[in-house]
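Chemist: Please find start37.txt (compact mmCIF, C-alpha atoms (C1' of nucleotides)) on the next line:
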# COMPACT_ATOMS: atom_id res chain seq x y z
CA MET X 1 135.28 99.29 69.22
CA SER X 2 137.04 96.13 68.11
CA GLU X 3 139.28 96.64 71.15
CA LYS X 4 136.28 96.98 73.35
CA HIS X 5 134.77 93.74 72.12
CA GLU X 6 138.06 91.99 72.64
CA ARG X 7 138.18 93.23 76.22
CA GLU X 8 134.66 92.09 76.83
CA ARG X 9 135.51 88.70 75.47
CA GLN X 10 138.42 88.22 77.85
CA GLY X 11 136.33 89.81 80.60
CA ALA X 12 139.06 92.04 82.01
CA ARG X 13 137.40 95.32 82.69
CA ARG X 14 139.27 97.76 84.89
CA SER X 15 136.30 98.13 87.22
CA ASP X 16 135.80 94.44 87.89
CA ALA X 17 137.96 94.61 91.00
CA THR X 18 135.85 97.36 92.54
CA ARG X 19 132.73 95.53 91.59
CA ALA X 20 133.96 92.44 93.39
CA THR X 21 135.00 94.46 96.44
CA ILE X 22 131.54 95.96 96.69
CA LEU X 23 129.89 92.56 96.37
CA ALA X 24 132.09 91.08 99.08
CA ALA X 25 131.37 93.95 101.45
CA ALA X 26 127.66 93.71 100.67
CA ARG X 27 127.55 89.99 101.39
CA GLU X 28 129.25 90.50 104.72
CA ARG X 29 126.97 93.34 105.77
CA PHE X 30 123.80 91.57 104.68
CA ALA X 31 124.92 88.46 106.55
CA THR X 32 125.57 90.23 109.83
CA ASP X 33 123.06 93.09 109.77
CA GLY X 34 120.07 92.00 107.69
CA TYR X 35 118.54 94.02 104.89
CA GLU X 36 117.51 97.28 106.53
CA ARG X 37 120.53 97.77 108.77
CA ALA X 38 122.96 96.94 105.98
CA THR X 39 123.01 100.45 104.55
CA ILE X 40 124.53 101.30 101.22
CA ARG X 41 126.65 103.88 102.97
CA ALA X 42 128.11 101.30 105.34
CA ILE X 43 128.80 98.86 102.52
CA ALA X 44 130.50 101.59 100.51
CA ARG X 45 132.60 102.54 103.54
CA ASP X 46 133.72 98.92 103.93
CA ALA X 47 134.66 98.80 100.26
CA ARG X 48 136.39 102.21 100.52
CA ILE X 49 134.43 103.72 97.71
CA ASP X 50 131.70 106.30 97.32
CA PRO X 51 128.07 105.28 97.92
CA SER X 52 127.14 106.53 94.48
CA MET X 53 129.35 103.87 92.90
CA VAL X 54 127.03 101.24 94.27
CA MET X 55 124.18 102.85 92.40
CA ARG X 56 126.21 103.10 89.22
CA TYR X 57 126.98 99.40 89.27
CA PHE X 58 123.78 97.94 90.67
CA THR X 59 121.17 100.69 90.11
CA ASN X 60 119.59 100.30 93.55
CA LYS X 61 119.76 98.46 96.85
CA GLU X 62 117.51 95.70 95.57
CA GLY X 63 119.82 95.21 92.61
CA LEU X 64 122.84 95.08 94.88
CA PHE X 65 121.22 92.41 97.02
CA ALA X 66 120.21 90.36 94.01
CA ALA X 67 123.75 90.53 92.63
CA ALA X 68 125.44 89.81 95.96
CA VAL X 69 123.28 86.89 97.03
CA THR X 70 123.28 84.04 94.55
CA LEU X 71 123.22 80.60 96.06
CA ASP X 72 124.42 77.28 94.71
CA LEU X 73 124.16 74.57 97.36
CA GLN X 74 126.35 72.22 95.30
CA LEU X 75 124.33 69.29 96.54
CA PRO X 76 125.94 65.92 95.79
CA ASP X 77 124.25 63.20 93.81
CA PRO X 78 122.40 61.28 96.55
CA THR X 79 122.60 58.00 94.66
CA ALA X 80 126.40 58.13 94.88
CA PHE X 81 126.58 56.79 98.44
CA PRO X 82 124.78 54.16 100.53
CA ARG X 83 121.09 54.84 100.88
CA ASP X 84 121.13 54.76 104.69
CA GLU X 85 123.91 57.36 104.89
CA ILE X 86 122.17 60.05 102.87
CA GLY X 87 120.89 61.94 105.90
CA ARG X 88 124.27 62.16 107.56
CA ARG X 89 126.03 63.15 104.34
CA LEU X 90 123.57 65.90 103.61
CA VAL X 91 123.78 67.35 107.11
CA GLY X 92 127.57 67.33 106.92
CA HIS X 93 127.43 68.98 103.52
CA PHE X 94 125.17 71.73 104.80
CA LEU X 95 127.40 72.40 107.79
CA ARG X 96 130.47 72.77 105.62
CA MET X 97 128.61 74.95 103.14
CA TRP X 98 127.27 77.19 105.84
CA GLU X 99 130.62 77.89 107.37
CA GLU X 100 132.54 78.66 104.23
CA ASN X 101 129.90 80.70 102.46
CA GLU X 102 128.39 83.70 104.17
CA VAL X 103 125.71 83.96 101.49
CA LEU X 104 123.74 81.30 103.34
CA THR X 105 123.56 83.34 106.51
CA ALA X 106 122.83 86.49 104.53
CA LEU X 107 119.92 84.83 102.78
CA LEU X 108 118.55 83.43 106.03
CA ARG X 109 118.79 86.71 107.91
CA VAL X 110 117.40 88.83 105.12
CA GLY X 111 114.72 86.32 104.18
CA THR X 112 112.86 86.86 107.43
CA THR X 113 112.28 90.53 106.59
CA ASN X 114 112.56 90.89 102.83
CA PRO X 115 110.03 89.27 100.49
CA ALA X 116 112.47 89.09 97.58
CA ALA X 117 114.93 87.15 99.70
CA ALA X 118 112.17 84.84 100.92
CA GLU X 119 111.18 84.19 97.32
CA ARG X 120 114.79 83.39 96.55
CA MET X 121 114.73 80.79 99.31
CA HIS X 122 111.58 79.23 97.85
CA GLN X 123 113.47 78.97 94.61
CA VAL X 124 116.49 77.26 96.15
CA LEU X 125 114.20 74.78 97.87
CA ARG X 126 112.30 74.08 94.68
CA GLU X 127 115.21 73.93 92.24
CA GLN X 128 118.04 72.49 94.31
CA LEU X 129 116.78 70.53 97.31
CA ALA X 130 113.52 69.11 95.95
CA PRO X 131 115.19 67.45 92.93
CA VAL X 132 117.53 65.61 95.30
CA ALA X 133 114.57 64.48 97.35
CA ARG X 134 112.78 63.31 94.22
CA ARG X 135 115.61 60.96 93.38
CA ILE X 136 115.50 59.07 96.65
CA CYS X 137 112.17 59.42 98.40
CA PRO X 138 109.69 56.52 98.10
CA VAL X 139 106.89 58.44 96.39
CA PRO X 140 108.16 61.10 93.95
CA GLU X 141 105.04 63.23 94.39
CA GLU X 142 106.02 63.69 98.02
CA ALA X 143 109.39 65.15 97.15
CA PRO X 144 108.40 68.80 97.77
CA VAL X 145 107.02 68.04 101.21
CA ARG X 146 109.97 65.89 102.20
CA ALA X 147 112.42 68.50 100.94
CA ALA X 148 110.58 71.18 102.91
CA LEU X 149 110.79 69.07 106.06
CA CYS X 150 114.54 68.69 105.62
CA ALA X 151 114.80 72.41 105.01
CA SER X 152 112.91 73.12 108.20
CA GLN X 153 115.38 71.11 110.28
CA VAL X 154 118.48 72.43 108.54
CA LEU X 155 117.29 76.04 108.59
CA GLY X 156 116.29 75.69 112.22
CA LEU X 157 119.74 74.50 113.13
CA ALA X 158 121.39 77.27 111.13
CA LEU X 159 119.13 79.79 112.81
CA SER X 160 120.03 78.49 116.26
CA ARG X 161 123.73 78.20 115.58
CA TYR X 162 124.66 81.02 113.21
CA VAL X 163 122.00 83.68 113.76
CA LEU X 164 120.56 83.41 117.27
CA ARG X 165 123.72 81.72 118.56
CA PHE X 166 122.18 79.54 121.23
CA PRO X 167 125.22 78.53 123.31
CA SER X 168 124.19 74.87 123.53
CA THR X 169 123.98 74.71 119.76
CA VAL X 170 127.12 76.71 119.06
CA ASN X 171 129.16 74.40 121.28
CA LEU X 172 128.21 71.25 119.39
CA SER X 173 130.84 69.77 117.10
CA HIS X 174 130.13 68.91 113.48
CA GLU X 175 130.16 65.23 114.41
CA GLN X 176 127.61 65.67 117.17
CA ILE X 177 125.30 67.64 114.89
CA VAL X 178 125.57 64.99 112.20
CA ASP X 179 124.85 62.29 114.78
CA TRP X 180 121.73 64.08 115.99
CA LEU X 181 120.32 65.54 112.76
CA GLY X 182 121.45 62.88 110.33
CA PRO X 183 118.74 60.37 111.33
CA THR X 184 116.12 63.11 111.21
CA VAL X 185 116.93 64.13 107.64
CA GLN X 186 117.27 60.47 106.71
CA ARG X 187 113.77 59.78 107.99
CA TYR X 188 112.24 62.83 106.29
CA LEU X 189 113.69 61.68 102.98
CA THR X 190 113.38 57.91 103.03
CA ALA X 191 110.88 56.74 105.66
CA LYS X 192 107.45 55.71 104.54
CA THR X 193 104.71 58.30 104.90
CA PRO X 194 103.50 58.29 108.51
CA MET V 195 96.90 110.39 147.38
CA SER V 196 94.90 107.76 149.24
CA GLU V 197 92.55 107.76 146.25
CA LYS V 198 95.47 107.31 143.97
CA HIS V 199 96.68 104.33 145.90
CA GLU V 200 93.23 102.84 145.84
CA ARG V 201 93.08 103.21 142.09
CA GLU V 202 96.46 101.62 141.72
CA ARG V 203 95.31 98.74 143.82
CA GLN V 204 92.29 98.04 141.66
CA GLY V 205 94.44 98.80 138.61
CA ALA V 206 91.86 100.83 136.70
CA ARG V 207 93.76 103.73 135.25
CA ARG V 208 92.07 105.74 132.56
CA SER V 209 95.00 105.23 130.19
CA ASP V 210 95.17 101.47 130.43
CA ALA V 211 92.97 101.05 127.39
CA THR V 212 95.28 103.16 125.24
CA ARG V 213 98.28 101.34 126.62
CA ALA V 214 96.76 98.01 125.64
CA THR V 215 95.82 99.28 122.18
CA ILE V 216 99.39 100.39 121.57
CA LEU V 217 100.77 97.06 122.73
CA ALA V 218 98.40 95.12 120.47
CA ALA V 219 99.31 97.26 117.46
CA ALA V 220 103.00 96.92 118.30
CA ARG V 221 102.79 93.14 118.52
CA GLU V 222 101.10 92.94 115.15
CA ARG V 223 103.57 95.25 113.44
CA PHE V 224 106.60 93.56 114.94
CA ALA V 225 105.23 90.17 113.90
CA THR V 226 104.66 91.13 110.29
CA ASP V 227 107.39 93.71 109.65
CA GLY V 228 110.31 92.93 111.95
CA TYR V 229 112.04 95.45 114.15
CA GLU V 230 113.31 98.11 111.77
CA ARG V 231 110.30 98.28 109.46
CA ALA V 232 107.85 98.36 112.35
CA THR V 233 108.09 102.10 112.85
CA ILE V 234 106.71 103.86 115.90
CA ARG V 235 104.73 106.10 113.58
CA ALA V 236 103.07 103.13 111.89
CA ILE V 237 102.24 101.52 115.22
CA ALA V 238 100.79 104.79 116.50
CA ARG V 239 98.73 105.14 113.34
CA ASP V 240 97.32 101.62 113.81
CA ALA V 241 96.45 102.47 117.41
CA ARG V 242 94.96 105.82 116.33
CA ILE V 243 97.08 107.86 118.69
CA ASP V 244 100.02 110.21 118.45
CA PRO V 245 103.54 108.80 118.11
CA SER V 246 104.63 110.77 121.15
CA MET V 247 102.25 108.76 123.32
CA VAL V 248 104.34 105.70 122.64
CA MET V 249 107.36 107.45 124.05
CA ARG V 250 105.47 108.70 127.10
CA TYR V 251 104.34 105.19 127.96
CA PHE V 252 107.36 103.14 126.95
CA THR V 253 110.20 105.72 126.77
CA ASN V 254 111.90 103.95 123.82
CA LYS V 255 111.30 101.77 120.84
CA GLU V 256 113.34 99.22 122.77
CA GLY V 257 111.07 99.69 125.76
CA LEU V 258 108.01 99.26 123.59
CA PHE V 259 109.36 96.04 122.19
CA ALA V 260 110.25 94.73 125.62
CA ALA V 261 106.77 95.53 126.89
CA ALA V 262 104.97 94.15 123.83
CA VAL V 263 106.86 90.90 123.54
CA THR V 264 106.67 88.78 126.66
CA LEU V 265 106.44 85.08 126.08
CA ASP V 266 105.00 82.31 128.19
CA LEU V 267 105.01 79.02 126.30
CA GLN V 268 102.67 77.44 128.88
CA LEU V 269 104.44 74.14 128.44
CA PRO V 270 102.59 71.21 130.01
CA ASP V 271 104.09 68.96 132.63
CA PRO V 272 105.75 66.27 130.48
CA THR V 273 105.33 63.59 133.13
CA ALA V 274 101.55 63.95 132.86
CA PHE V 275 101.24 61.78 129.74
CA PRO V 276 102.82 58.56 128.40
CA ARG V 277 106.55 58.87 127.90
CA ASP V 278 106.46 57.85 124.25
CA GLU V 279 103.88 60.50 123.38
CA ILE V 280 105.83 63.49 124.67
CA GLY V 281 107.23 64.44 121.27
CA ARG V 282 103.85 64.48 119.57
CA ARG V 283 102.20 66.37 122.41
CA LEU V 284 104.87 69.05 122.46
CA VAL V 285 104.73 69.58 118.70
CA GLY V 286 100.96 69.89 118.87
CA HIS V 287 101.26 72.33 121.74
CA PHE V 288 103.71 74.50 119.82
CA LEU V 289 101.51 74.54 116.73
CA ARG V 290 98.49 75.68 118.73
CA MET V 291 100.55 78.28 120.58
CA TRP V 292 102.02 79.65 117.42
CA GLU V 293 98.72 80.18 115.72
CA GLU V 294 96.89 81.87 118.55
CA ASN V 295 99.70 84.09 119.77
CA GLU V 296 101.42 86.44 117.37
CA VAL V 297 104.12 87.15 119.92
CA LEU V 298 105.87 83.98 118.82
CA THR V 299 106.17 85.14 115.23
CA ALA V 300 107.17 88.61 116.37
CA LEU V 301 109.96 87.22 118.52
CA LEU V 302 111.18 84.95 115.74
CA ARG V 303 111.19 87.66 113.09
CA VAL V 304 112.76 90.30 115.26
CA GLY V 305 115.25 87.89 116.83
CA THR V 306 117.11 87.46 113.56
CA THR V 307 117.96 91.16 113.45
CA ASN V 308 117.77 92.48 117.00
CA PRO V 309 120.20 91.30 119.70
CA ALA V 310 117.78 92.05 122.54
CA ALA V 311 115.15 89.83 120.95
CA ALA V 312 117.71 87.09 120.39
CA GLU V 313 118.68 87.29 124.05
CA ARG V 314 115.02 87.00 124.95
CA MET V 315 114.87 83.79 122.94
CA HIS V 316 117.90 82.42 124.77
CA GLN V 317 116.03 83.15 127.96
CA VAL V 318 112.87 81.33 126.86
CA LEU V 319 114.94 78.33 125.84
CA ARG V 320 116.81 78.33 129.14
CA GLU V 321 113.93 79.01 131.50
CA GLN V 322 110.97 77.31 129.83
CA LEU V 323 112.05 74.58 127.43
CA ALA V 324 115.21 73.30 129.14
CA PRO V 325 113.44 72.60 132.47
CA VAL V 326 110.95 70.40 130.63
CA ALA V 327 113.81 68.56 128.96
CA ARG V 328 115.55 68.11 132.30
CA ARG V 329 112.55 66.24 133.68
CA ILE V 330 112.48 63.58 131.00
CA CYS V 331 115.82 63.23 129.25
CA PRO V 332 118.07 60.33 130.29
CA VAL V 333 121.03 62.40 131.51
CA PRO V 334 119.97 65.67 133.18
CA GLU V 335 123.22 67.41 132.22
CA GLU V 336 122.26 66.99 128.58
CA ALA V 337 119.01 68.89 129.02
CA PRO V 338 120.27 72.17 127.51
CA VAL V 339 121.56 70.46 124.39
CA ARG V 340 118.44 68.36 123.94
CA ALA V 341 116.21 71.38 124.49
CA ALA V 342 118.22 73.33 121.93
CA LEU V 343 117.82 70.51 119.40
CA CYS V 344 114.06 70.54 119.90
CA ALA V 345 114.09 74.30 119.54
CA SER V 346 116.00 74.05 116.28
CA GLN V 347 113.36 71.77 114.77
CA VAL V 348 110.39 73.72 116.09
CA LEU V 349 111.85 77.09 115.14
CA GLY V 350 112.78 75.76 111.73
CA LEU V 351 109.25 74.65 111.11
CA ALA V 352 107.83 77.96 112.33
CA LEU V 353 110.26 79.79 110.09
CA SER V 354 109.24 77.73 107.06
CA ARG V 355 105.53 77.91 107.78
CA TYR V 356 104.84 81.31 109.33
CA VAL V 357 107.69 83.52 108.15
CA LEU V 358 109.07 82.27 104.83
CA ARG V 359 105.78 80.57 104.00
CA PHE V 360 107.13 77.66 101.96
CA PRO V 361 104.00 76.40 100.17
CA SER V 362 104.74 72.72 100.90
CA THR V 363 104.98 73.51 104.60
CA VAL V 364 102.00 75.86 104.74
CA ASN V 365 99.78 73.22 103.16
CA LEU V 366 100.49 70.58 105.79
CA SER V 367 97.77 69.92 108.36
CA HIS V 368 98.46 69.95 112.07
CA GLU V 369 98.13 66.17 112.11
CA GLN V 370 100.68 65.72 109.36
CA ILE V 371 103.15 68.01 111.08
CA VAL V 372 102.70 66.14 114.36
CA ASP V 373 103.21 62.84 112.54
CA TRP V 374 106.43 64.02 110.96
CA LEU V 375 107.99 66.15 113.72
CA GLY V 376 106.68 64.26 116.75
CA PRO V 377 109.19 61.41 116.43
CA THR V 378 112.02 63.88 115.88
CA VAL V 379 111.32 65.81 119.06
CA GLN V 380 110.71 62.54 120.89
CA ARG V 381 114.13 61.29 119.85
CA TYR V 382 115.91 64.54 120.75
CA LEU V 383 114.41 64.38 124.23
CA THR V 384 114.43 60.70 125.13
CA ALA V 385 116.81 58.74 122.89
CA LYS V 386 120.17 57.73 124.28
CA THR V 387 123.10 59.94 123.31
CA PRO V 388 124.26 58.93 119.83
C1' DG F 389 148.94 115.15 71.96
C1' DG F 390 144.36 116.23 71.86
C1' DT F 391 139.89 113.76 72.74
C1' DG F 392 136.22 110.76 73.90
C1' DT F 393 135.23 107.07 77.04
C1' DT F 394 135.46 105.08 81.46
C1' DG F 395 136.19 105.01 86.71
C1' DG F 396 135.62 107.70 90.54
C1' DT F 397 134.40 111.76 93.93
C1' DC F 398 131.56 115.49 95.97
C1' DA F 399 127.69 117.82 97.53
C1' DA F 400 123.11 117.85 97.73
C1' DC F 401 117.97 116.55 97.67
C1' DG F 402 113.66 114.80 99.50
C1' DG F 403 111.82 111.86 102.60
C1' DG F 404 111.34 109.06 106.73
C1' DT F 405 113.05 108.00 111.48
C1' DG F 406 113.25 108.22 116.74
C1' DT F 407 112.62 111.53 119.94
C1' DT F 408 111.42 115.99 122.55
C1' DG F 409 108.91 119.79 124.71
C1' DG F 410 105.21 122.75 124.96
C1' DA F 411 100.26 123.68 124.44
C1' DC F 412 95.57 122.10 125.02
C1' DA F 413 91.50 119.21 126.88
C1' DA F 414 89.22 116.34 130.20
C1' DC F 415 88.53 114.50 134.28
C1' DG F 416 88.07 114.37 139.62
C1' DG F 417 88.70 115.91 144.50
C1' DG F 418 88.41 120.17 147.57
C1' DC H 419 83.30 125.94 140.92
C1' DC H 420 87.99 125.94 140.77
C1' DC H 421 92.37 123.72 140.06
C1' DG H 422 95.81 120.24 139.84
C1' DT H 423 96.60 116.00 137.85
C1' DT H 424 96.36 113.12 133.97
C1' DG H 425 95.75 112.07 129.08
C1' DT H 426 96.40 113.73 124.41
C1' DC H 427 97.90 116.25 120.41
C1' DC H 428 100.93 119.26 117.56
C1' DA H 429 105.14 121.04 115.67
C1' DA H 430 109.62 120.62 115.49
C1' DC H 431 114.49 118.88 115.93
C1' DA H 432 118.51 116.34 114.45
C1' DC H 433 119.81 112.53 112.07
C1' DC H 434 120.22 108.99 108.61
C1' DC H 435 118.56 106.85 104.54
C1' DG H 436 118.48 105.85 99.22
C1' DT H 437 119.31 108.24 95.33
C1' DT H 438 120.81 111.89 91.85
C1' DG H 439 123.56 114.83 88.88
C1' DA H 440 127.40 117.71 88.16
C1' DC H 441 132.21 117.67 88.19
C1' DC H 442 137.17 115.71 88.03
C1' DA H 443 141.02 112.15 86.75
C1' DA H 444 142.97 108.68 84.17
C1' DC H 445 143.31 105.89 80.48
C1' DA H 446 143.01 104.39 75.26
C1' DC H 447 142.96 105.60 70.70
C1' DC H 448 143.47 108.85 66.50
Using the file provided, produce a representation of the structure as C-alpha cells.
Modeler:
Amino acid sequence: MSEKHERERQGARRSDATRATILAAARERFATDGYERATIRAIARDARIDPSMVMRYFTNKEGLFAAAVTLDLQLPDPTAFPRDEIGRRLVGHFLRMWEENEVLTALLRVGTTNPAAAERMHQVLREQLAPVARRICPVPEEAPVRAALCASQVLGLALSRYVLRFPSTVNLSHEQIVDWLGPTVQRYLTAKTP
Amino acid sequence: MSEKHERERQGARRSDATRATILAAARERFATDGYERATIRAIARDARIDPSMVMRYFTNKEGLFAAAVTLDLQLPDPTAFPRDEIGRRLVGHFLRMWEENEVLTALLRVGTTNPAAAERMHQVLREQLAPVARRICPVPEEAPVRAALCASQVLGLALSRYVLRFPSTVNLSHEQIVDWLGPTVQRYLTAKTP
DNA sequence: GGTGTTGGTCAACGGGTGTTGGACAACGGG
DNA sequence: CCCGTTGTCCAACACCCGTTGACCAACACC
C-alpha cells in the first residue's frame, strides 16, 4: 500500500499510456465525425484496444467525451499590446490555436448536436473569452455581449474553414484572414455601443 | 391513362397531403436533432404514418433529407437600395429568413456532420450569395471570397443564436444585431481589399 | 514461488436503426 | 358492380450501437 501511494504520487501508472492513446483517438474521431458517428468501437479500433476498456476507464461515452474534450484557449493578456492591435492579435491567436489543437474542431462539431458540448462552449465563452473582453471594452457590463459577438465571428470562420470547408475560405492565408477579421473583432471589443 | 395525365397536370394526387406532412415533420426533426438523431421512425411517428411510407416516397433517408431541405434565400437585388445600407439590409433579411424558415437551422445543424448537407451549403453560397456580392463588390473576381466572409459572420451568428443558444446572443434584439453586424457585412462586401 | 491486484480480451445482451416485402383497404373508371 | 391502381400498415430482416460480466495474463509483493 505504501508502494501504491508512492506510485500515485509520481503518477506513473502502467495504464496511463493506454489511457492517453484512447483519449487521442477519441479526440480525433469526435473532431472528424461528431458525437453520434464517433462510435466507441471505432475509437477503440483506432487505439488498438478492446471497446470494453473504454468503459473501464471512462464509464460511458459521455464520460469519454468529457475527458477527451477539455479546452484552454490560452488567451493572452489583452493589455500587453497596443490597444488598436487587439483584434488582429486575437484572430491570429485563434487561427494558430485551431490548427494545432483538434479539440476546438471536436467541440464545434459536437456542440451542434450534443447539449453537453454546447454547455461546455457556453462555459468557455463565459470563463475565458468574456474576462478578456471585460478588461478592454468601454463598458464592463457589455463584456458578455461583446465577447459573444467576437465568438460569433470566430466560430463562423472556423465553421466555414475547418468544418464546412468552403473553398474560398480554406484558400485564404492566415494574413488575409487577420486582415479581414481583425478589424471586425477590434470593433466588437472596443468600439462604442452603436 | 388520359385521366392520369390530367391529374398530374393539375397536380392533385391523393397522397400529396401525406407527402407534405412527412416533409414538414422531417424538416422539424432535422432542424432540432441533426442528421443521425433524426430517425426515420421518429419522423414517421410525428407525421402519424408508418416508417415504410417514408421509404416508398423518398427511397432513402438521404433522399428524404434532399427533398426536405431545399433552400431559397430570396436575396433582394442589392442595387435596389443605397450602397451604404446594403450590409444592414442583408443582415436584417437573414434574421427574418432564419426565424420563419426552419430549413436554415436544419441545414446548418446537419451540415456539420453530413457531407451532402455541407455540399448543399457550398451550393447556396456559390449560387445565391456570391452573385449578390459580384454585383456590388469593387473587384468582381473577389466576389467568392467576400461572399464567404459574409457567410462566416452570418453563419456564426446563427450558430450562436439558434443552435448553441449563447444567452448573450439570444437576448439581442434584431435592431441590435443589425447595428453590430451590419457594418461588418458592409465592409466585407464593399471595402477595398485590405 | 504462490497470491492478490491490475491491465486486458472475449463473447454476449438488449435495444434501436435503415430498409424490405407482403398483406390489406380505399378509391375510381369500365 | 367489379377490378386494377393507389395508398397504407404490419412484421420482419440484418446490422450496429453502448454496455456488461466472466475469463485470462502479467506484474508486484510476501
Chemist: Counting all atoms listed in the file, collect the residues of chain X whose closest atom lies at most 8 Å from chain F, and write them out as a PyMOL selection string.
Modeler: chain X and resi 15+50+53
Chemist: Using only C-alpha atoms (C1' of nucleotides), which protein or nucleic acid residues come within 12 Å of region 59-63 of chain X? Drop anything in the same chain fewer than 2 positions from it, and give the result as a VMD selection string.
Modeler: (chain X and resid 23 26 30 35 to 41 43 to 44 51 to 57 65 to 70 110 114 to 117) or (chain H and resid 435 to 438)
Chemist: Counting all atoms listed in the file, which of V:Gln380, V:Thr307, V:Thr212, V:Gln268 gets nearest to chain X?
Modeler: V:Thr307
Chemist: Using all atoms listed in the file, select each residue of chain H with any atom at most 10 Å away from an atom of chain V, and give the selection as a PyMOL selection string.
Modeler: chain H and resi 424-428
Chemist: Ranking X:Gln153, X:Thr79, X:Thr32, X:Asn101 by minimum distance to chain V and counting only C-alpha atoms, which one comes first?
Modeler: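 Of the candidates, the smallest distance to chain V is held by X:Gln153.
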Chemist: Enumerate as a PyMOL selection string the residues belonging to chain V that approach chain X to within 9 Å, with only C-alpha atoms taken into account.
Modeler: chain V and resi 226-228+230-231+302-309+312-313+315-316+319+338-343+345-355+357-363+366+370+373-375+377-378+381-382+387-388
Chemist: State, in Å with one decimal place, the distance from CA of Met97 (chain X) to CA of Asp46 (chain X).
Modeler: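 Result for CA of Met97 (chain X) versus CA of Asp46 (chain X): 24.5 Å, one decimal.
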Chemist: Distance CA of Val91 (chain X)-CA of His174 (chain X), one decimal place?
Modeler: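 Going from CA of Val91 (chain X) over to CA of His174 (chain X), I get 9.1 Å.
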Chemist: What separation in Å, quoted to one decimal, exists between CA of Ala241 (chain V) and C1' of DA430 (chain H)?
Modeler: 22.5 Å
Chemist: With a distance cut-off of 7 Å and all atoms listed in the file, select the neighbouring residues of Ala133 (chain X), excluding the residue or stretch itself and same-chain residues fewer than 2 positions from it, and output the selection as a count of residues only.
Modeler: 10
Chemist: Taking N, CA and C atoms as the atom set, what does region 283-301 of chain V look like once completed, written as a PDB file, in the coordinates of the input?
Modeler:
ATOM      1  N   ARG V 283     102.951  65.390 121.623  1.00  0.00           N
ATOM      2  CA  ARG V 283     102.200  66.370 122.410  1.00  0.00           C
ATOM      3  C   ARG V 283     102.860  67.747 122.349  1.00  0.00           C
ATOM      4  N   LEU V 284     104.174  67.756 122.470  1.00  0.00           N
ATOM      5  CA  LEU V 284     104.870  69.050 122.460  1.00  0.00           C
ATOM      6  C   LEU V 284     104.722  69.731 121.096  1.00  0.00           C
ATOM      7  N   VAL V 285     104.878  68.972 120.033  1.00  0.00           N
ATOM      8  CA  VAL V 285     104.730  69.580 118.700  1.00  0.00           C
ATOM      9  C   VAL V 285     103.323  70.148 118.540  1.00  0.00           C
ATOM     10  N   GLY V 286     102.327  69.382 118.947  1.00  0.00           N
ATOM     11  CA  GLY V 286     100.960  69.890 118.870  1.00  0.00           C
ATOM     12  C   GLY V 286     100.771  71.153 119.689  1.00  0.00           C
ATOM     13  N   HIS V 287     101.357  71.147 120.879  1.00  0.00           N
ATOM     14  CA  HIS V 287     101.260  72.330 121.740  1.00  0.00           C
ATOM     15  C   HIS V 287     101.868  73.550 121.063  1.00  0.00           C
ATOM     16  N   PHE V 288     103.051  73.376 120.486  1.00  0.00           N
ATOM     17  CA  PHE V 288     103.710  74.500 119.820  1.00  0.00           C
ATOM     18  C   PHE V 288     102.865  75.009 118.658  1.00  0.00           C
ATOM     19  N   LEU V 289     102.318  74.114 117.873  1.00  0.00           N
ATOM     20  CA  LEU V 289     101.510  74.540 116.730  1.00  0.00           C
ATOM     21  C   LEU V 289     100.338  75.396 117.194  1.00  0.00           C
ATOM     22  N   ARG V 290      99.637  74.914 118.222  1.00  0.00           N
ATOM     23  CA  ARG V 290      98.490  75.680 118.730  1.00  0.00           C
ATOM     24  C   ARG V 290      98.942  77.040 119.241  1.00  0.00           C
ATOM     25  N   MET V 291      99.987  77.036 120.056  1.00  0.00           N
ATOM     26  CA  MET V 291     100.550  78.280 120.580  1.00  0.00           C
ATOM     27  C   MET V 291     100.846  79.268 119.456  1.00  0.00           C
ATOM     28  N   TRP V 292     101.529  78.767 118.458  1.00  0.00           N
ATOM     29  CA  TRP V 292     102.020  79.650 117.420  1.00  0.00           C
ATOM     30  C   TRP V 292     100.890  80.331 116.659  1.00  0.00           C
ATOM     31  N   GLU V 293      99.785  79.614 116.546  1.00  0.00           N
ATOM     32  CA  GLU V 293      98.720  80.180 115.720  1.00  0.00           C
ATOM     33  C   GLU V 293      97.770  81.085 116.485  1.00  0.00           C
ATOM     34  N   GLU V 294      97.788  81.000 117.800  1.00  0.00           N
ATOM     35  CA  GLU V 294      96.890  81.870 118.550  1.00  0.00           C
ATOM     36  C   GLU V 294      97.628  83.039 119.187  1.00  0.00           C
ATOM     37  N   ASN V 295      98.935  83.056 119.074  1.00  0.00           N
ATOM     38  CA  ASN V 295      99.700  84.090 119.770  1.00  0.00           C
ATOM     39  C   ASN V 295     100.756  84.679 118.837  1.00  0.00           C
ATOM     40  N   GLU V 296     100.500  85.872 118.367  1.00  0.00           N
ATOM     41  CA  GLU V 296     101.420  86.440 117.370  1.00  0.00           C
ATOM     42  C   GLU V 296     102.753  86.855 117.973  1.00  0.00           C
ATOM     43  N   VAL V 297     102.845  86.825 119.299  1.00  0.00           N
ATOM     44  CA  VAL V 297     104.120  87.150 119.920  1.00  0.00           C
ATOM     45  C   VAL V 297     105.221  86.203 119.459  1.00  0.00           C
ATOM     46  N   LEU V 298     104.862  84.947 119.246  1.00  0.00           N
ATOM     47  CA  LEU V 298     105.870  83.980 118.820  1.00  0.00           C
ATOM     48  C   LEU V 298     106.492  84.384 117.487  1.00  0.00           C
ATOM     49  N   THR V 299     105.645  84.722 116.525  1.00  0.00           N
ATOM     50  CA  THR V 299     106.170  85.140 115.230  1.00  0.00           C
ATOM     51  C   THR V 299     106.961  86.433 115.353  1.00  0.00           C
ATOM     52  N   ALA V 300     106.449  87.347 116.170  1.00  0.00           N
ATOM     53  CA  ALA V 300     107.170  88.610 116.370  1.00  0.00           C
ATOM     54  C   ALA V 300     108.573  88.337 116.897  1.00  0.00           C
ATOM     55  N   LEU V 301     108.663  87.497 117.915  1.00  0.00           N
ATOM     56  CA  LEU V 301     109.960  87.220 118.520  1.00  0.00           C
ATOM     57  C   LEU V 301     110.897  86.558 117.510  1.00  0.00           C
TER      58      LEU V 301
END
